[in-house]
Structures are given as C-alpha cells and as structure tokens.
>>> print(open('input_15.txt').read())   # compact mmCIF, C-alpha atoms
# COMPACT_ATOMS: atom_id res chain seq x y z
CA MET G 1 -30.93 39.61 -4.94
CA LYS G 2 -33.00 42.72 -4.39
CA ILE G 3 -31.40 45.75 -2.75
CA TYR G 4 -34.45 46.34 -0.60
CA THR G 5 -35.49 43.94 2.13
CA ARG G 6 -38.27 45.85 3.94
CA THR G 7 -36.81 44.58 7.24
CA GLY G 8 -35.85 48.11 8.29
CA ASP G 9 -39.21 49.70 7.65
CA ALA G 10 -40.02 49.83 11.38
CA GLY G 11 -36.85 51.77 12.25
CA GLU G 12 -34.54 48.91 13.18
CA THR G 13 -31.55 47.38 11.41
CA ALA G 14 -29.56 44.18 11.70
CA LEU G 15 -26.00 44.20 12.93
CA PHE G 16 -23.30 42.01 11.40
CA GLY G 17 -23.14 38.87 13.49
CA GLY G 18 -26.70 39.07 14.72
CA GLY G 19 -29.01 41.21 16.71
CA ARG G 20 -31.15 44.18 15.77
CA VAL G 21 -30.98 47.74 17.05
CA ALA G 22 -32.80 50.98 16.41
CA LYS G 23 -31.46 52.93 13.47
CA ASP G 24 -30.55 55.77 15.82
CA HIS G 25 -28.42 53.49 18.03
CA PRO G 26 -24.90 54.88 18.67
CA ARG G 27 -23.36 51.91 16.83
CA VAL G 28 -25.42 52.60 13.71
CA ALA G 29 -24.62 56.32 13.96
CA ALA G 30 -20.90 55.47 14.18
CA TYR G 31 -20.70 53.13 11.20
CA GLY G 32 -23.11 55.31 9.24
CA THR G 33 -20.91 58.35 9.74
CA VAL G 34 -17.80 56.37 8.79
CA ASP G 35 -19.68 55.33 5.62
CA GLU G 36 -20.48 58.99 4.96
CA LEU G 37 -16.80 59.79 5.49
CA ASN G 38 -15.85 57.09 3.00
CA ALA G 39 -18.21 58.57 0.39
CA THR G 40 -16.79 62.04 1.05
CA VAL G 41 -13.22 60.78 0.69
CA GLY G 42 -14.25 59.13 -2.59
CA TRP G 43 -15.71 62.42 -3.80
CA ALA G 44 -12.56 64.27 -2.73
CA ALA G 45 -10.50 61.81 -4.78
CA THR G 46 -12.52 62.77 -7.87
CA GLN G 47 -11.85 66.46 -7.20
CA ALA G 48 -8.14 66.22 -6.42
CA VAL G 49 -5.76 66.84 -9.31
CA ASP G 50 -2.63 65.38 -7.72
CA PRO G 51 -2.29 61.64 -8.56
CA ASP G 52 -0.42 60.85 -5.31
CA ILE G 53 -3.27 62.31 -3.28
CA GLN G 54 -5.84 60.42 -5.38
CA ALA G 55 -4.00 57.13 -4.81
CA ARG G 56 -3.73 57.66 -1.06
CA LEU G 57 -7.40 58.54 -0.79
CA GLY G 58 -8.29 55.33 -2.63
CA LEU G 59 -6.24 53.31 -0.17
CA LEU G 60 -7.86 55.10 2.76
CA GLN G 61 -11.31 54.22 1.41
CA HIS G 62 -10.50 50.53 1.84
CA ASP G 63 -9.42 51.26 5.43
CA LEU G 64 -12.66 53.11 6.11
CA PHE G 65 -14.68 50.16 4.84
CA THR G 66 -12.75 48.00 7.32
CA LEU G 67 -13.53 50.45 10.12
CA GLY G 68 -17.20 50.43 9.16
CA SER G 69 -17.35 46.63 9.18
CA GLU G 70 -15.73 46.53 12.61
CA LEU G 71 -18.21 49.10 13.92
CA ALA G 72 -21.16 47.19 12.42
CA THR G 73 -20.11 44.08 14.35
CA PRO G 74 -21.05 44.16 18.03
CA PRO G 75 -19.08 42.32 20.70
CA ALA G 76 -20.02 38.66 21.23
CA ARG G 77 -22.81 38.24 23.76
CA ASP G 78 -26.05 36.41 24.42
CA GLY G 79 -24.55 33.16 23.11
CA ARG G 80 -23.61 34.71 19.76
CA THR G 81 -20.09 34.52 18.43
CA ARG G 82 -18.56 37.56 16.83
CA PRO G 83 -17.88 37.10 13.11
CA ASP G 84 -14.28 37.45 12.02
CA VAL G 85 -13.87 40.94 10.56
CA PRO G 86 -10.60 42.62 9.66
CA SER G 87 -9.07 44.91 12.26
CA VAL G 88 -8.19 48.54 11.85
CA PRO G 89 -4.95 48.65 9.81
CA ILE G 90 -2.84 50.06 12.65
CA GLN G 91 0.28 50.27 10.45
CA ARG G 92 -1.52 52.89 8.37
CA ILE G 93 -1.29 55.35 11.25
CA GLY G 94 2.49 55.41 10.88
CA GLU G 95 2.16 55.68 7.11
CA MET G 96 -0.21 58.64 7.48
CA GLU G 97 2.30 60.33 9.80
CA ALA G 98 5.06 59.77 7.22
CA TRP G 99 2.84 61.21 4.47
CA MET G 100 2.17 64.28 6.61
CA ASP G 101 5.87 64.71 7.42
CA ALA G 102 6.76 64.56 3.70
CA ALA G 103 4.00 67.04 2.84
CA ASP G 104 5.07 69.41 5.63
CA ALA G 105 8.61 69.42 4.19
CA GLU G 106 7.15 70.62 0.89
CA LEU G 107 4.59 73.09 2.27
CA PRO G 108 5.24 76.59 3.56
CA GLU G 109 5.26 76.80 7.34
CA LEU G 110 1.82 77.08 8.86
CA ARG G 111 1.61 80.43 10.65
CA ALA G 112 -2.12 81.11 10.83
CA PHE G 113 -5.48 79.37 10.88
CA VAL G 114 -6.46 78.22 7.40
CA LEU G 115 -9.93 78.67 5.94
CA PRO G 116 -11.37 75.65 4.14
CA GLY G 117 -11.27 76.25 0.40
CA GLY G 118 -8.92 77.04 -2.41
CA CYS G 119 -9.09 74.75 -5.44
CA ALA G 120 -11.88 72.18 -5.80
CA GLY G 121 -9.73 69.28 -4.57
CA ALA G 122 -8.62 71.13 -1.45
CA ALA G 123 -12.17 72.24 -0.67
CA ALA G 124 -13.38 68.63 -1.01
CA LEU G 125 -10.58 67.46 1.30
CA HIS G 126 -11.62 70.04 3.88
CA VAL G 127 -15.20 68.72 3.70
CA ALA G 128 -13.85 65.20 4.22
CA ARG G 129 -11.81 66.46 7.19
CA THR G 130 -14.90 67.87 8.89
CA VAL G 131 -16.88 64.67 8.27
CA CYS G 132 -13.91 62.75 9.70
CA ARG G 133 -14.07 64.83 12.89
CA ARG G 134 -17.79 64.08 13.17
CA ALA G 135 -17.12 60.37 12.63
CA GLU G 136 -14.54 60.53 15.38
CA ARG G 137 -17.08 62.12 17.73
CA THR G 138 -19.69 59.43 16.98
CA VAL G 139 -17.15 56.67 17.63
CA VAL G 140 -16.13 58.35 20.91
CA HIS G 141 -19.83 58.45 21.84
CA LEU G 142 -20.15 54.73 21.10
CA ALA G 143 -16.91 53.95 22.97
CA ALA G 144 -18.39 55.50 26.12
CA ARG G 145 -21.10 52.82 26.03
CA GLU G 146 -19.53 49.77 24.36
CA ASP G 147 -16.12 48.30 23.60
CA VAL G 148 -14.44 50.03 20.67
CA SER G 149 -10.87 49.53 19.56
CA ALA G 150 -8.59 52.33 20.74
CA ASP G 151 -6.78 51.89 17.42
CA MET G 152 -9.94 53.04 15.64
CA LEU G 153 -10.01 56.30 17.58
CA MET G 154 -6.31 56.84 16.88
CA TYR G 155 -6.83 56.11 13.18
CA LEU G 156 -9.69 58.61 12.82
CA ASN G 157 -7.79 61.29 14.73
CA ARG G 158 -4.75 60.89 12.51
CA LEU G 159 -6.88 60.72 9.38
CA SER G 160 -8.44 64.12 10.06
CA ASP G 161 -4.94 65.59 10.44
CA LEU G 162 -3.93 63.94 7.17
CA LEU G 163 -6.96 65.28 5.32
CA PHE G 164 -6.11 68.80 6.50
CA THR G 165 -2.51 68.37 5.34
CA LEU G 166 -3.59 66.91 2.00
CA ALA G 167 -5.93 69.87 1.47
CA ARG G 168 -3.00 72.22 1.97
CA LEU G 169 -0.83 70.09 -0.32
CA GLU G 170 -3.49 69.98 -3.05
CA ASN G 171 -3.75 73.78 -2.92
CA HIS G 172 0.04 74.14 -2.96
CA ARG G 173 0.54 71.78 -5.91
CA HIS G 174 -2.37 73.45 -7.71
CA GLY G 175 -0.59 76.80 -7.40
CA ASN G 176 -2.81 78.21 -4.67
CA GLY G 177 -1.61 79.31 -1.28
CA ASP G 178 -3.44 78.72 1.96
CA VAL G 179 -6.40 81.00 2.57
CA GLU G 180 -5.54 82.38 5.98
CA TRP G 181 -8.13 83.54 8.47
CA GLU G 182 -8.23 87.29 8.96
CA LYS G 183 -9.67 88.32 12.32
CA ASN G 184 -11.11 91.56 11.00
CA ALA G 185 -11.81 90.65 7.39
CA THR G 186 -13.62 93.20 5.26
CA LEU G 187 -14.59 93.44 1.62
>>> encode(input="input_15.txt", output="structure tokens")
Amino acid sequence: MKIYTRTGDAGETALFGGGRVAKDHPRVAAYGTVDELNATVGWAATQAVDPDIQARLGLLQHDLFTLGSELATPPARDGRTRPDVPSVPIQRIGEMEAWMDAADAELPELRAFVLPGGCAGAAALHVARTVCRRAERTVVHLAAREDVSADMLMYLNRLSDLLFTLARLENHRHGNGDVEWEKNATL
C-alpha cells in the first residue's frame, strides 16, 4: 500500500466513517492539533530523564491517538452509520489527578509564575503543554459547531495541567529548581 493517495490534492480529506471536508475544517484542525500534541508528547518522552515520566507519557500517547480517532469520526448523518471507535479513557482523568497530587507532594510549593525551561525534558514538556492548550482551543472551537464529548474537553484540560506538573517534576528530579518569572528582570 502506498502512503500517498492523491485524493487530498484538491484541499479536501476523508473523514473516518465517510464524507469529505476541506482540510481547514474545524474537525480536521482539531484532530490535526491532537496529532501534533501526540508527536510533541512523544518528543518530550525522548527528552525526559525520569523513567516514571517517560512511561506516563507513553501511556498518554495511546490516549491521544484515541482522542484523534474520535475527532476524525463525525456524528452519524445522511444515512451513514458512525464507525465504532474507542471513547476517551475517562478513568485517566482521575489517574492524572492522582499523578499530579503525588508530584505536588514531592515538589516545593508553587509561589510564583514559572518560565518554561530548565533541563531539556522539562522544556520539552512545557512545549507539549502549550500545544495541549492549543489542541484544547481547537476542540472547543469544533464543539461550538458539532457534537464533541465533554469528556474530551475535560481530558485535554487536565492533561495540560499534568504536563505543567511533569515539567516541574522533571526539573526537580534533574536537580534544577523552577525558573520563576521576575517582573523586572535585568541582565
């Protein structure tokens, strides 16, 4: 099977379960940004030193693929049935909260805004966090026009919080402190 099909050369793409839309359709933007998030999380996993963080990021990548498949599948309409795709793993939201609670018990209290950076793993996690926030915004944009699972929005919101916490944890376990924002920073 060839990777190229030439069917998208005119600026449209097929959705899972049928139908074609423009490549700038909000649904395509949403699952495309979740795919970008997944790639960024994968990159962050290669940069992180802590094996617990690497393992969790790998698990989250599977979740993000599930989210992408759900977003790529429009609601049933026009006589089409919706293919069976896995749902957002809602139990993971509670797991992410537990991971954050455990990390917060280990981390120094957060008393200031934190600049993205520190060690390579933490910087990569901060990049993933910002891509996650963008993915969340694209899914919110889609949800204003079409049915989107509320669980998906909750998952992405919690994931961005987790990525922030994991960035702090990676820095902490790497021996770096948080880089705090200074209002009047100078050289």
>>> residues_around(input="input_15.txt", residues="Arg129 of chain G", least_positions_apart="5", cutoff="12 Å", atoms="only C-alpha atoms", output="short mmCIF file (atom, residue, chain, number, x, y, z; two decimals) with C-alpha atoms, in the frame of the given file")
data_model
loop_
_atom_site.label_atom_id
_atom_site.label_comp_id
_atom_site.auth_asym_id
_atom_site.auth_seq_id
_atom_site.Cartn_x
_atom_site.Cartn_y
_atom_site.Cartn_z
CA VAL G 34 -17.80 56.37 8.79
CA GLU G 36 -20.48 58.99 4.96
CA LEU G 37 -16.80 59.79 5.49
CA ASN G 38 -15.85 57.09 3.00
CA THR G 40 -16.79 62.04 1.05
CA VAL G 41 -13.22 60.78 0.69
CA ALA G 44 -12.56 64.27 -2.73
CA PRO G 116 -11.37 75.65 4.14
CA GLY G 117 -11.27 76.25 0.40
CA ALA G 122 -8.62 71.13 -1.45
CA ALA G 123 -12.17 72.24 -0.67
CA ALA G 124 -13.38 68.63 -1.01
CA ARG G 134 -17.79 64.08 13.17
CA ALA G 135 -17.12 60.37 12.63
CA GLU G 136 -14.54 60.53 15.38
CA LEU G 156 -9.69 58.61 12.82
CA ASN G 157 -7.79 61.29 14.73
CA ARG G 158 -4.75 60.89 12.51
CA LEU G 159 -6.88 60.72 9.38
CA SER G 160 -8.44 64.12 10.06
CA ASP G 161 -4.94 65.59 10.44
CA LEU G 162 -3.93 63.94 7.17
CA LEU G 163 -6.96 65.28 5.32
CA PHE G 164 -6.11 68.80 6.50
CA THR G 165 -2.51 68.37 5.34
CA LEU G 166 -3.59 66.91 2.00
CA ALA G 167 -5.93 69.87 1.47
CA ARG G 168 -3.00 72.22 1.97
#
>>> residues_around(input="input_15.txt", residues="Ala29 of chain G", least_positions_apart="4", cutoff="9 Å", atoms="all atoms listed in the file", output="VMD selection string")
chain G and resid 23 to 25 33 to 34 135 138 to 139 142
>>> atom_distance(input="input_15.txt", atom1="atom CA of Ala185 of chain G", atom2="atom CA of Arg173 of chain G")
26.2 Å
>>> residues_around(input="input_15.txt", residues="Thr66 of chain G", least_positions_apart="4", cutoff="9 Å", atoms="all atoms listed in the file", output="list of chain:residue names")
G:Gln61, G:His62, G:Glu70, G:Leu71, G:Val85, G:Pro86, G:Ser87, G:Val88, G:Pro89
>>> closest_residue(input="input_15.txt", among="G:Ile90, G:Ala120, G:Ala105, G:Ile3", to="Ala45 of chain G", atoms="only C-alpha atoms")
G:Ala120
>>> atom_distance(input="input_15.txt", atom1="atom CA of Gly118 of chain G", atom2="atom CA of Asp35 of chain G")
25.5 Å
>>> closest_residue(input="input_15.txt", among="G:Leu169, G:Tyr155, G:Arg137, G:Ala103", to="Leu60 of chain G", atoms="only C-alpha atoms")
G:Tyr155
>>> residues_around(input="input_15.txt", residues="Trp99 of chain G", least_positions_apart="2", cutoff="10 Å", atoms="all atoms listed in the file", output="list in words")
Ile53, Arg56, Ile93, Gly94, Glu95, Met96, Glu97, Asp101, Ala102, Ala103, Asp104, Leu162, Thr165 and Leu166 of chain G
>>> write_last_selection(input="input_15.txt", atoms="C-alpha atoms", output="PDB file, in the frame of the given file")
ATOM      1  CA  ILE G  53      -3.270  62.310  -3.280  1.00  0.00           C
ATOM      2  CA  ARG G  56      -3.730  57.660  -1.060  1.00  0.00           C
ATOM      3  CA  ILE G  93      -1.290  55.350  11.250  1.00  0.00           C
ATOM      4  CA  GLY G  94       2.490  55.410  10.880  1.00  0.00           C
ATOM      5  CA  GLU G  95       2.160  55.680   7.110  1.00  0.00           C
ATOM      6  CA  MET G  96      -0.210  58.640   7.480  1.00  0.00           C
ATOM      7  CA  GLU G  97       2.300  60.330   9.800  1.00  0.00           C
ATOM      8  CA  ASP G 101       5.870  64.710   7.420  1.00  0.00           C
ATOM      9  CA  ALA G 102       6.760  64.560   3.700  1.00  0.00           C
ATOM     10  CA  ALA G 103       4.000  67.040   2.840  1.00  0.00           C
ATOM     11  CA  ASP G 104       5.070  69.410   5.630  1.00  0.00           C
ATOM     12  CA  LEU G 162      -3.930  63.940   7.170  1.00  0.00           C
ATOM     13  CA  THR G 165      -2.510  68.370   5.340  1.00  0.00           C
ATOM     14  CA  LEU G 166      -3.590  66.910   2.000  1.00  0.00           C
TER      15      LEU G 166
END
>>> atom_distance(input="input_15.txt", atom1="atom CA of Asp178 of chain G", atom2="atom CA of Gly58 of chain G")
24.3 Å
>>> residues_around(input="input_15.txt", residues="Asp147 of chain G", least_positions_apart="3", cutoff="12 Å", atoms="only C-alpha atoms", output="ChimeraX atom specification")
/G:27,70-71,73-76,139-144,150-153
>>> write_last_selection(input="input_15.txt", atoms="C-alpha atoms", output="compact mmCIF listing (two decimals), keeping the file's coordinate frame")
# COMPACT_ATOMS: atom_id res chain seq x y z
CA ARG G 27 -23.36 51.91 16.83
CA GLU G 70 -15.73 46.53 12.61
CA LEU G 71 -18.21 49.10 13.92
CA THR G 73 -20.11 44.08 14.35
CA PRO G 74 -21.05 44.16 18.03
CA PRO G 75 -19.08 42.32 20.70
CA ALA G 76 -20.02 38.66 21.23
CA VAL G 139 -17.15 56.67 17.63
CA VAL G 140 -16.13 58.35 20.91
CA HIS G 141 -19.83 58.45 21.84
CA LEU G 142 -20.15 54.73 21.10
CA ALA G 143 -16.91 53.95 22.97
CA ALA G 144 -18.39 55.50 26.12
CA ALA G 150 -8.59 52.33 20.74
CA ASP G 151 -6.78 51.89 17.42
CA MET G 152 -9.94 53.04 15.64
CA LEU G 153 -10.01 56.30 17.58
>>> closest_residue(input="input_15.txt", among="G:Val148, G:Leu187, G:Leu64, G:Val127", to="Arg92 of chain G", atoms="all atoms listed in the file")
G:Leu64
>>> axis_aligned_box(input="input_15.txt", around="segment 131-143 of chain G", padding_each_side="8 Å", output="JSON")
{"center_x": -17.0, "center_y": 59.4, "center_z": 15.6, "size_x": 22.2, "size_y": 26.9, "size_z": 30.7}
>>> decode(input="input_15.txt", residues="segment 59-163 of chain G", atoms="C-alpha atoms", output="PDB file, in the first residue's frame")
ATOM      1  CA  LEU G  59       0.550   5.798  28.036  1.00  0.00           C
ATOM      2  CA  LEU G  60      -0.823   9.263  27.290  1.00  0.00           C
ATOM      3  CA  GLN G  61       0.212   8.910  23.646  1.00  0.00           C
ATOM      4  CA  HIS G  62      -2.162   5.966  23.291  1.00  0.00           C
ATOM      5  CA  ASP G  63      -4.930   8.096  24.820  1.00  0.00           C
ATOM      6  CA  LEU G  64      -4.200  10.920  22.388  1.00  0.00           C
ATOM      7  CA  PHE G  65      -4.456   8.527  19.449  1.00  0.00           C
ATOM      8  CA  THR G  66      -7.881   7.535  20.793  1.00  0.00           C
ATOM      9  CA  LEU G  67      -8.895  11.194  21.038  1.00  0.00           C
ATOM     10  CA  GLY G  68      -7.714  11.794  17.485  1.00  0.00           C
ATOM     11  CA  SER G  69      -9.696   8.845  16.150  1.00  0.00           C
ATOM     12  CA  GLU G  70     -12.820  10.073  17.917  1.00  0.00           C
ATOM     13  CA  LEU G  71     -12.332  13.562  16.481  1.00  0.00           C
ATOM     14  CA  ALA G  72     -11.749  12.156  12.972  1.00  0.00           C
ATOM     15  CA  THR G  73     -15.118  10.385  13.143  1.00  0.00           C
ATOM     16  CA  PRO G  74     -18.092  12.686  12.563  1.00  0.00           C
ATOM     17  CA  PRO G  75     -21.524  12.025  14.056  1.00  0.00           C
ATOM     18  CA  ALA G  76     -23.781   9.687  12.062  1.00  0.00           C
ATOM     19  CA  ARG G  77     -25.855  11.550   9.490  1.00  0.00           C
ATOM     20  CA  ASP G  78     -27.033  11.436   5.893  1.00  0.00           C
ATOM     21  CA  GLY G  79     -27.774   7.709   6.188  1.00  0.00           C
ATOM     22  CA  ARG G  80     -24.224   6.886   7.307  1.00  0.00           C
ATOM     23  CA  THR G  81     -23.570   4.956  10.473  1.00  0.00           C
ATOM     24  CA  ARG G  82     -20.779   6.055  12.750  1.00  0.00           C
ATOM     25  CA  PRO G  83     -17.946   3.516  12.961  1.00  0.00           C
ATOM     26  CA  ASP G  84     -17.210   2.117  16.390  1.00  0.00           C
ATOM     27  CA  VAL G  85     -14.197   3.984  17.759  1.00  0.00           C
ATOM     28  CA  PRO G  86     -12.902   3.844  21.317  1.00  0.00           C
ATOM     29  CA  SER G  87     -14.067   6.556  23.685  1.00  0.00           C
ATOM     30  CA  VAL G  88     -11.910   8.951  25.631  1.00  0.00           C
ATOM     31  CA  PRO G  89     -10.466   6.972  28.571  1.00  0.00           C
ATOM     32  CA  ILE G  90     -12.345   8.940  31.225  1.00  0.00           C
ATOM     33  CA  GLN G  91     -10.707   6.982  34.077  1.00  0.00           C
ATOM     34  CA  ARG G  92      -7.384   8.518  33.028  1.00  0.00           C
ATOM     35  CA  ILE G  93      -8.560  11.917  34.250  1.00  0.00           C
ATOM     36  CA  GLY G  94      -8.615  10.608  37.819  1.00  0.00           C
ATOM     37  CA  GLU G  95      -5.246   8.942  37.290  1.00  0.00           C
ATOM     38  CA  MET G  96      -3.767  12.211  36.015  1.00  0.00           C
ATOM     39  CA  GLU G  97      -5.104  13.997  39.098  1.00  0.00           C
ATOM     40  CA  ALA G  98      -3.502  11.348  41.337  1.00  0.00           C
ATOM     41  CA  TRP G  99      -0.193  11.718  39.473  1.00  0.00           C
ATOM     42  CA  MET G 100      -0.329  15.481  39.972  1.00  0.00           C
ATOM     43  CA  ASP G 101      -1.170  15.121  43.671  1.00  0.00           C
ATOM     44  CA  ALA G 102       1.800  12.774  44.171  1.00  0.00           C
ATOM     45  CA  ALA G 103       4.111  15.129  42.277  1.00  0.00           C
ATOM     46  CA  ASP G 104       2.879  18.144  44.252  1.00  0.00           C
ATOM     47  CA  ALA G 105       3.730  16.310  47.488  1.00  0.00           C
ATOM     48  CA  GLU G 106       7.310  15.972  46.228  1.00  0.00           C
ATOM     49  CA  LEU G 107       7.690  19.441  44.694  1.00  0.00           C
ATOM     50  CA  PRO G 108       8.364  22.695  46.504  1.00  0.00           C
ATOM     51  CA  GLU G 109       5.273  24.848  46.887  1.00  0.00           C
ATOM     52  CA  LEU G 110       4.495  26.928  43.837  1.00  0.00           C
ATOM     53  CA  ARG G 111       4.744  30.593  44.835  1.00  0.00           C
ATOM     54  CA  ALA G 112       5.335  32.369  41.526  1.00  0.00           C
ATOM     55  CA  PHE G 113       4.731  32.046  37.805  1.00  0.00           C
ATOM     56  CA  VAL G 114       7.179  29.598  36.250  1.00  0.00           C
ATOM     57  CA  LEU G 115       9.013  30.254  32.997  1.00  0.00           C
ATOM     58  CA  PRO G 116       9.107  27.356  30.539  1.00  0.00           C
ATOM     59  CA  GLY G 117      12.578  25.829  30.537  1.00  0.00           C
ATOM     60  CA  GLY G 118      15.119  24.252  32.789  1.00  0.00           C
ATOM     61  CA  CYS G 119      16.506  20.894  31.667  1.00  0.00           C
ATOM     62  CA  ALA G 120      15.763  19.520  28.192  1.00  0.00           C
ATOM     63  CA  GLY G 121      12.977  17.215  29.409  1.00  0.00           C
ATOM     64  CA  ALA G 122      11.196  19.982  31.286  1.00  0.00           C
ATOM     65  CA  ALA G 123      11.479  22.366  28.336  1.00  0.00           C
ATOM     66  CA  ALA G 124      10.005  19.693  26.035  1.00  0.00           C
ATOM     67  CA  LEU G 125       7.147  19.121  28.488  1.00  0.00           C
ATOM     68  CA  HIS G 126       6.420  22.848  28.516  1.00  0.00           C
ATOM     69  CA  VAL G 127       6.253  22.807  24.701  1.00  0.00           C
ATOM     70  CA  ALA G 128       3.839  19.871  24.913  1.00  0.00           C
ATOM     71  CA  ARG G 129       1.766  21.809  27.470  1.00  0.00           C
ATOM     72  CA  THR G 130       1.386  24.774  25.126  1.00  0.00           C
ATOM     73  CA  VAL G 131       0.447  22.514  22.202  1.00  0.00           C
ATOM     74  CA  CYS G 132      -2.078  20.838  24.512  1.00  0.00           C
ATOM     75  CA  ARG G 133      -3.672  24.214  25.271  1.00  0.00           C
ATOM     76  CA  ARG G 134      -3.909  24.907  21.530  1.00  0.00           C
ATOM     77  CA  ALA G 135      -5.460  21.474  20.959  1.00  0.00           C
ATOM     78  CA  GLU G 136      -7.978  22.259  23.664  1.00  0.00           C
ATOM     79  CA  ARG G 137      -8.868  25.539  21.939  1.00  0.00           C
ATOM     80  CA  THR G 138      -9.372  23.815  18.567  1.00  0.00           C
ATOM     81  CA  VAL G 139     -11.624  21.186  20.155  1.00  0.00           C
ATOM     82  CA  VAL G 140     -13.629  23.930  21.905  1.00  0.00           C
ATOM     83  CA  HIS G 141     -13.977  25.645  18.507  1.00  0.00           C
ATOM     84  CA  LEU G 142     -15.259  22.402  16.975  1.00  0.00           C
ATOM     85  CA  ALA G 143     -17.591  21.776  19.943  1.00  0.00           C
ATOM     86  CA  ALA G 144     -19.295  25.120  19.279  1.00  0.00           C
ATOM     87  CA  ARG G 145     -20.333  23.773  15.863  1.00  0.00           C
ATOM     88  CA  GLU G 146     -20.680  19.994  16.262  1.00  0.00           C
ATOM     89  CA  ASP G 147     -21.156  17.383  18.962  1.00  0.00           C
ATOM     90  CA  VAL G 148     -17.951  16.700  20.865  1.00  0.00           C
ATOM     91  CA  SER G 149     -17.645  14.617  24.003  1.00  0.00           C
ATOM     92  CA  ALA G 150     -17.416  16.763  27.133  1.00  0.00           C
ATOM     93  CA  ASP G 151     -15.016  14.111  28.445  1.00  0.00           C
ATOM     94  CA  MET G 152     -12.589  15.055  25.683  1.00  0.00           C
ATOM     95  CA  LEU G 153     -12.515  18.678  26.795  1.00  0.00           C
ATOM     96  CA  MET G 154     -12.028  17.607  30.406  1.00  0.00           C
ATOM     97  CA  TYR G 155      -9.219  15.235  29.393  1.00  0.00           C
ATOM     98  CA  LEU G 156      -7.316  17.906  27.448  1.00  0.00           C
ATOM     99  CA  ASN G 157      -7.729  20.455  30.235  1.00  0.00           C
ATOM    100  CA  ARG G 158      -6.376  18.032  32.818  1.00  0.00           C
ATOM    101  CA  LEU G 159      -3.590  16.904  30.501  1.00  0.00           C
ATOM    102  CA  SER G 160      -2.232  20.438  30.152  1.00  0.00           C
ATOM    103  CA  ASP G 161      -2.148  20.726  33.948  1.00  0.00           C
ATOM    104  CA  LEU G 162      -0.351  17.385  34.139  1.00  0.00           C
ATOM    105  CA  LEU G 163       2.233  18.398  31.542  1.00  0.00           C
TER     106      LEU G 163
END
